[in-house]
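First comes the structure, then the notes that go with it.
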Amino acid sequence: YEAIDPVRYLANRSSGKQGHAIASALAKLGAEVVLVAGPNNLPDPGGVQVRAIESAVQMLAACEAALPADIAVCAAAVADWRVDGEAGQKIKKDGSGKPPALALVENPDILKTLSQLNGGRPDLVVGFAAETEKVVDHAQSKRTRKGCDWIVANDVGPGTGVMGGDENTVHLITAQGVEDWPTMAKDAVAAALAQRIADYFEPS
């Protein structure tokens, strides 16, 4: 969801369903939740403060503004790159038959930024890894590289139906190892993750 001009923009197929479900599940367990959400067509979860944003830069700023927090769950499928400079008006065809050149710049790394804060880092930082191959291997590498505590990895390759769908098959990766969860509705994944977080803070 990175803009090119006021009419056109670059986006991915992520619906935001999993992130909304996690926010709702945490709220149901009694957490005070701030949901920082990009453009979507979903109703706001009950009992959740929603901060609507339109870019990765805005998302990072909203996340930082929500601190201090005990937990950060970074489930959004944020673009790695954005267009360098947003056009002030619609980009028209010039008759050459060639697309306009788009210069890209790297977006802020929200998960890494929150994971490596020198002060005020959440006690538990959970990232997501949307992969299309070697799902667990790549996610384990990402957890180490970003510095987060947990990674929820899922396969979003063609044919999985995860992007925009209602089900997800995830692997929870922690310093202790890998938990392979069965395929579940995204609401069920969210409930299981929320309970896992609750157990982390208040082990039975």
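Residues are named by chain letter and number: chains run A, B, ... in the order of the structure tokens, numbers start at 1 in each chain, and ligands are numbered from 1 in the order shown.
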How close does each residue of range 59-84 of chain A get to range 113-133 of chain A, giving the shortest atom pair and distance in Å to one decimal for every residue with an atom at most 9 Å away, counting only C-alpha atoms, sorted by chain and residue number, as JSON lines?
```
{"residue": "A:Leu60", "atom": "CA", "partner": "A:Thr113", "partner_atom": "CA", "distance": 8.5}
{"residue": "A:Cys63", "atom": "CA", "partner": "A:Leu114", "partner_atom": "CA", "distance": 8.4}
{"residue": "A:Glu64", "atom": "CA", "partner": "A:Leu114", "partner_atom": "CA", "distance": 8.0}
{"residue": "A:Leu67", "atom": "CA", "partner": "A:Gly120", "partner_atom": "CA", "distance": 7.3}
{"residue": "A:Pro68", "atom": "CA", "partner": "A:Gly120", "partner_atom": "CA", "distance": 6.0}
{"residue": "A:Ala69", "atom": "CA", "partner": "A:Pro122", "partner_atom": "CA", "distance": 5.4}
{"residue": "A:Asp70", "atom": "CA", "partner": "A:Pro122", "partner_atom": "CA", "distance": 4.7}
{"residue": "A:Ile71", "atom": "CA", "partner": "A:Leu124", "partner_atom": "CA", "distance": 4.9}
{"residue": "A:Ala72", "atom": "CA", "partner": "A:Val125", "partner_atom": "CA", "distance": 4.8}
{"residue": "A:Val73", "atom": "CA", "partner": "A:Val126", "partner_atom": "CA", "distance": 4.7}
{"residue": "A:Cys74", "atom": "CA", "partner": "A:Gly127", "partner_atom": "CA", "distance": 4.8}
{"residue": "A:Ala75", "atom": "CA", "partner": "A:Phe128", "partner_atom": "CA", "distance": 5.3}
{"residue": "A:Ala76", "atom": "CA", "partner": "A:Phe128", "partner_atom": "CA", "distance": 7.8}
{"residue": "A:Ala77", "atom": "CA", "partner": "A:Ala130", "partner_atom": "CA", "distance": 7.7}
```
Give me the residues near range 190-201 of chain A as a ChimeraX atom specification, where near means some atom within 8 Å (using only C-alpha atoms) and where sequence neighbours in that chain fewer than 5 positions away do not count. /A:18,21-22,25-26,29
Neighbouring residues of Arg8 in chain A were defined as those with any atom within 10 Å, considering only C-alpha atoms; residues of the same chain fewer than 3 positions away were excluded. Please report them as a list in words.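 My list of contacting residues is Glu2, Ala3, Ile4, Asp5, Ala11, Ala87, Lys90 and Ile91 of chain A.
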Can those selected residues be exported to a file as a PDB file, in the first residue's frame so that it contains all heavy atoms?
```
ATOM      1  N   GLU A   2       1.709   1.360  -1.000  1.00  0.00           N
ATOM      2  CA  GLU A   2       2.580   2.521  -1.145  1.00  0.00           C
ATOM      3  C   GLU A   2       2.146   3.314  -2.374  1.00  0.00           C
ATOM      4  O   GLU A   2       2.088   2.784  -3.474  1.00  0.00           O
ATOM      5  CB  GLU A   2       4.044   2.082  -1.274  1.00  0.00           C
ATOM      6  CG  GLU A   2       4.563   1.339  -0.042  1.00  0.00           C
ATOM      7  CD  GLU A   2       4.560   2.176   1.214  1.00  0.00           C
ATOM      8  OE1 GLU A   2       4.623   3.417   1.123  1.00  0.00           O
ATOM      9  OE2 GLU A   2       4.497   1.591   2.312  1.00  0.00           O
ATOM     10  N   ALA A   3       1.841   4.566  -2.188  1.00  0.00           N
ATOM     11  CA  ALA A   3       1.245   5.374  -3.239  1.00  0.00           C
ATOM     12  C   ALA A   3       2.241   5.738  -4.333  1.00  0.00           C
ATOM     13  O   ALA A   3       3.426   5.939  -4.091  1.00  0.00           O
ATOM     14  CB  ALA A   3       0.661   6.649  -2.639  1.00  0.00           C
ATOM     15  N   ILE A   4       1.731   5.831  -5.570  1.00  0.00           N
ATOM     16  CA  ILE A   4       2.475   6.380  -6.699  1.00  0.00           C
ATOM     17  C   ILE A   4       1.932   7.768  -7.010  1.00  0.00           C
ATOM     18  O   ILE A   4       2.667   8.721  -7.166  1.00  0.00           O
ATOM     19  CB  ILE A   4       2.337   5.476  -7.941  1.00  0.00           C
ATOM     20  CG1 ILE A   4       2.928   4.092  -7.669  1.00  0.00           C
ATOM     21  CG2 ILE A   4       3.042   6.107  -9.133  1.00  0.00           C
ATOM     22  CD1 ILE A   4       2.702   3.114  -8.801  1.00  0.00           C
ATOM     23  N   ASP A   5       0.617   7.852  -7.124  1.00  0.00           N
ATOM     24  CA  ASP A   5      -0.041   9.139  -7.326  1.00  0.00           C
ATOM     25  C   ASP A   5      -1.385   9.084  -6.607  1.00  0.00           C
ATOM     26  O   ASP A   5      -1.724   8.071  -6.000  1.00  0.00           O
ATOM     27  CB  ASP A   5      -0.164   9.463  -8.818  1.00  0.00           C
ATOM     28  CG  ASP A   5      -1.073   8.500  -9.593  1.00  0.00           C
ATOM     29  OD1 ASP A   5      -2.023   7.966  -8.992  1.00  0.00           O
ATOM     30  OD2 ASP A   5      -0.842   8.309 -10.796  1.00  0.00           O
ATOM     31  N   ALA A  11       0.376  -2.315  -4.218  1.00  0.00           N
ATOM     32  CA  ALA A  11      -0.140  -2.995  -3.039  1.00  0.00           C
ATOM     33  C   ALA A  11       0.150  -4.480  -3.141  1.00  0.00           C
ATOM     34  O   ALA A  11       0.658  -4.966  -4.155  1.00  0.00           O
ATOM     35  CB  ALA A  11      -1.649  -2.758  -2.891  1.00  0.00           C
ATOM     36  N   ALA A  87       3.652  11.456  -6.637  1.00  0.00           N
ATOM     37  CA  ALA A  87       3.218  12.470  -7.597  1.00  0.00           C
ATOM     38  C   ALA A  87       2.051  13.264  -7.030  1.00  0.00           C
ATOM     39  O   ALA A  87       1.199  12.727  -6.326  1.00  0.00           O
ATOM     40  CB  ALA A  87       2.812  11.808  -8.907  1.00  0.00           C
ATOM     41  N   LYS A  90      -2.370  12.811 -11.081  1.00  0.00           N
ATOM     42  CA  LYS A  90      -2.407  11.540 -11.783  1.00  0.00           C
ATOM     43  C   LYS A  90      -1.333  11.484 -12.867  1.00  0.00           C
ATOM     44  O   LYS A  90      -1.152  12.431 -13.627  1.00  0.00           O
ATOM     45  CB  LYS A  90      -3.791  11.332 -12.415  1.00  0.00           C
ATOM     46  CG  LYS A  90      -3.937  10.014 -13.159  1.00  0.00           C
ATOM     47  CD  LYS A  90      -5.337   9.872 -13.746  1.00  0.00           C
ATOM     48  CE  LYS A  90      -5.464   8.591 -14.546  1.00  0.00           C
ATOM     49  NZ  LYS A  90      -6.809   8.443 -15.143  1.00  0.00           N
ATOM     50  N   ILE A  91      -0.620  10.354 -12.901  1.00  0.00           N
ATOM     51  CA  ILE A  91       0.407  10.158 -13.929  1.00  0.00           C
ATOM     52  C   ILE A  91      -0.276   9.682 -15.209  1.00  0.00           C
ATOM     53  O   ILE A  91      -0.870   8.602 -15.245  1.00  0.00           O
ATOM     54  CB  ILE A  91       1.455   9.132 -13.466  1.00  0.00           C
ATOM     55  CG1 ILE A  91       2.147   9.616 -12.193  1.00  0.00           C
ATOM     56  CG2 ILE A  91       2.484   8.877 -14.566  1.00  0.00           C
ATOM     57  CD1 ILE A  91       3.087   8.601 -11.574  1.00  0.00           C
TER      58      ILE A  91
END
```
With only C-alpha atoms as the atoms that count, which of A:Asp180, A:Lys92, A:Leu111, A:Gly47 lies nearest to Val78 in chain A?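 Selected residue with least distance to Val78 in chain A: A:Leu111.
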Hey, what's within 7 Å of Ser24 in chain A if we count only C-alpha atoms and toss same-chain stuff fewer than 3 positions away? As a ChimeraX atom specification, please? /A:20-21,27-28,45-46
As a ChimeraX atom specification, list the residues of chain A assigned to strand (DSSP E) by DSSP on the backbone atoms of this structure. /A:2-3,9-10,33-37,48-52,71-74,81-83,104-106,124-131,150-155,167-168,170-174,177-180,184-185
Expected file contents, prior selection, N, CA and C atoms, as a compact mmCIF listing (two decimals), in the first residue's frame:
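Saved the output as again-v1.txt:
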```
# COMPACT_ATOMS: atom_id res chain seq x y z
N GLU A 2 1.71 1.36 -1.00
CA GLU A 2 2.58 2.52 -1.14
C GLU A 2 2.15 3.31 -2.37
N ALA A 3 1.84 4.57 -2.19
CA ALA A 3 1.24 5.37 -3.24
C ALA A 3 2.24 5.74 -4.33
N TYR A 9 -1.75 3.12 -6.95
CA TYR A 9 -0.79 2.77 -5.91
C TYR A 9 -0.37 1.32 -6.06
N LEU A 10 0.76 0.97 -5.44
CA LEU A 10 1.26 -0.40 -5.40
C LEU A 10 0.77 -1.05 -4.12
N VAL A 33 -5.42 -2.94 23.60
CA VAL A 33 -4.83 -3.16 22.27
C VAL A 33 -4.95 -1.92 21.40
N VAL A 34 -3.84 -1.58 20.76
CA VAL A 34 -3.83 -0.56 19.71
C VAL A 34 -3.52 -1.28 18.40
N LEU A 35 -4.45 -1.23 17.46
CA LEU A 35 -4.28 -1.85 16.16
C LEU A 35 -3.88 -0.80 15.14
N VAL A 36 -2.67 -0.92 14.62
CA VAL A 36 -2.20 -0.03 13.56
C VAL A 36 -2.45 -0.75 12.24
N ALA A 37 -3.38 -0.24 11.45
CA ALA A 37 -3.85 -0.98 10.28
C ALA A 37 -3.74 -0.16 9.00
N VAL A 48 -10.95 -2.34 20.70
CA VAL A 48 -9.59 -2.09 20.22
C VAL A 48 -9.48 -0.66 19.72
N GLN A 49 -8.39 0.01 20.07
CA GLN A 49 -8.11 1.34 19.51
C GLN A 49 -7.48 1.15 18.14
N VAL A 50 -8.04 1.77 17.14
CA VAL A 50 -7.54 1.59 15.77
C VAL A 50 -6.86 2.86 15.29
N ARG A 51 -5.67 2.69 14.75
CA ARG A 51 -4.93 3.78 14.14
C ARG A 51 -4.79 3.46 12.65
N ALA A 52 -5.52 4.15 11.80
CA ALA A 52 -5.50 3.89 10.37
C ALA A 52 -4.34 4.63 9.71
N ILE A 71 3.73 -5.84 24.70
CA ILE A 71 3.77 -6.77 23.58
C ILE A 71 3.66 -6.00 22.27
N ALA A 72 4.42 -6.40 21.28
CA ALA A 72 4.25 -5.90 19.92
C ALA A 72 4.08 -7.11 19.00
N VAL A 73 2.98 -7.14 18.26
CA VAL A 73 2.74 -8.21 17.29
C VAL A 73 2.75 -7.56 15.91
N CYS A 74 3.74 -7.89 15.11
CA CYS A 74 3.90 -7.26 13.80
C CYS A 74 3.43 -8.24 12.72
N TRP A 81 9.73 -1.96 -0.16
CA TRP A 81 10.15 -0.78 -0.92
C TRP A 81 8.96 0.14 -1.15
N ARG A 82 9.23 1.40 -1.36
CA ARG A 82 8.19 2.36 -1.71
C ARG A 82 8.72 3.25 -2.84
N VAL A 83 7.79 3.86 -3.55
CA VAL A 83 8.16 4.78 -4.62
C VAL A 83 8.81 6.02 -4.02
N LEU A 104 12.66 3.45 -6.59
CA LEU A 104 12.22 2.89 -5.32
C LEU A 104 13.25 3.15 -4.23
N VAL A 105 12.76 3.34 -3.02
CA VAL A 105 13.62 3.47 -1.84
C VAL A 105 13.13 2.48 -0.79
N GLU A 106 14.02 2.09 0.09
CA GLU A 106 13.68 1.08 1.09
C GLU A 106 12.79 1.66 2.18
N LEU A 124 7.85 -8.57 24.79
CA LEU A 124 7.70 -9.65 23.81
C LEU A 124 7.41 -9.03 22.46
N VAL A 125 8.26 -9.31 21.48
CA VAL A 125 8.06 -8.82 20.12
C VAL A 125 7.86 -10.04 19.22
N VAL A 126 6.71 -10.07 18.56
CA VAL A 126 6.33 -11.18 17.70
C VAL A 126 6.25 -10.70 16.27
N GLY A 127 7.01 -11.32 15.39
CA GLY A 127 6.96 -10.97 13.98
C GLY A 127 6.26 -12.05 13.18
N PHE A 128 5.97 -11.74 11.93
CA PHE A 128 5.39 -12.70 11.01
C PHE A 128 6.33 -12.84 9.81
N ALA A 129 6.40 -14.04 9.28
CA ALA A 129 7.21 -14.29 8.08
C ALA A 129 6.33 -14.94 7.03
N ALA A 130 6.01 -14.20 6.00
CA ALA A 130 5.23 -14.72 4.88
C ALA A 130 6.23 -15.24 3.85
N GLU A 131 6.30 -16.56 3.71
CA GLU A 131 7.31 -17.17 2.84
C GLU A 131 6.65 -17.98 1.73
N TRP A 150 9.70 -13.99 18.89
CA TRP A 150 8.99 -15.06 18.19
C TRP A 150 8.76 -14.65 16.75
N ILE A 151 8.65 -15.67 15.91
CA ILE A 151 8.22 -15.46 14.53
C ILE A 151 7.09 -16.44 14.24
N VAL A 152 6.02 -15.94 13.65
CA VAL A 152 4.93 -16.79 13.16
C VAL A 152 5.12 -16.91 11.66
N ALA A 153 5.47 -18.09 11.21
CA ALA A 153 5.78 -18.29 9.79
C ALA A 153 4.62 -18.96 9.07
N ASN A 154 4.35 -18.52 7.85
CA ASN A 154 3.33 -19.19 7.06
C ASN A 154 3.71 -19.18 5.59
N ASP A 155 3.16 -20.15 4.88
CA ASP A 155 3.41 -20.30 3.45
C ASP A 155 2.32 -19.55 2.70
N GLU A 167 -8.22 -19.11 6.14
CA GLU A 167 -7.47 -20.11 6.89
C GLU A 167 -5.98 -19.82 6.80
N ASN A 168 -5.23 -20.40 7.75
CA ASN A 168 -3.79 -20.21 7.78
C ASN A 168 -3.14 -21.44 8.38
N VAL A 170 0.41 -22.21 10.23
CA VAL A 170 1.56 -21.47 10.73
C VAL A 170 2.49 -22.36 11.54
N HIS A 171 3.70 -21.85 11.69
CA HIS A 171 4.72 -22.45 12.54
C HIS A 171 5.17 -21.35 13.51
N LEU A 172 5.12 -21.62 14.78
CA LEU A 172 5.57 -20.65 15.78
C LEU A 172 7.03 -20.97 16.11
N ILE A 173 7.88 -20.01 15.86
CA ILE A 173 9.32 -20.19 16.04
C ILE A 173 9.80 -19.31 17.18
N THR A 174 10.39 -19.96 18.18
CA THR A 174 10.92 -19.25 19.35
C THR A 174 12.37 -19.69 19.56
N GLY A 177 12.55 -23.51 19.91
CA GLY A 177 12.31 -24.43 18.82
C GLY A 177 11.15 -24.03 17.93
N VAL A 178 10.59 -25.01 17.24
CA VAL A 178 9.53 -24.77 16.26
C VAL A 178 8.29 -25.55 16.66
N GLU A 179 7.15 -24.87 16.69
CA GLU A 179 5.86 -25.53 16.92
C GLU A 179 5.08 -25.50 15.62
N ASP A 180 4.74 -26.66 15.09
CA ASP A 180 3.97 -26.76 13.85
C ASP A 180 2.49 -26.83 14.20
N MET A 184 -5.83 -23.94 10.46
CA MET A 184 -6.97 -23.45 11.23
C MET A 184 -7.54 -22.20 10.58
N ALA A 185 -8.76 -21.85 10.96
CA ALA A 185 -9.30 -20.56 10.57
C ALA A 185 -8.42 -19.48 11.18
```
Would you mind writing down, as a PyMOL selection string, each residue of range 20-129 of chain A that DSSP on the backbone assigns to helix (DSSP H, G or I)? chain A and resi 20-28+56-65+110-115
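Atom to atom, CA of Asp109 in chain A and CA of Asn12 in chain A stand 17.0 Å apart.
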One decimal, Å: what's the distance from CA of Val135 in chain A over to CA of Ala23 in chain A, could you say?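 Between CA of Val135 in chain A and CA of Ala23 in chain A the gap works out to 24.2 Å.
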Take CA of Gln89 in chain A and CA of Ile110 in chain A and report the distance between them in Å, one decimal.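 Going from CA of Gln89 in chain A over to CA of Ile110 in chain A covers 28.9 Å.
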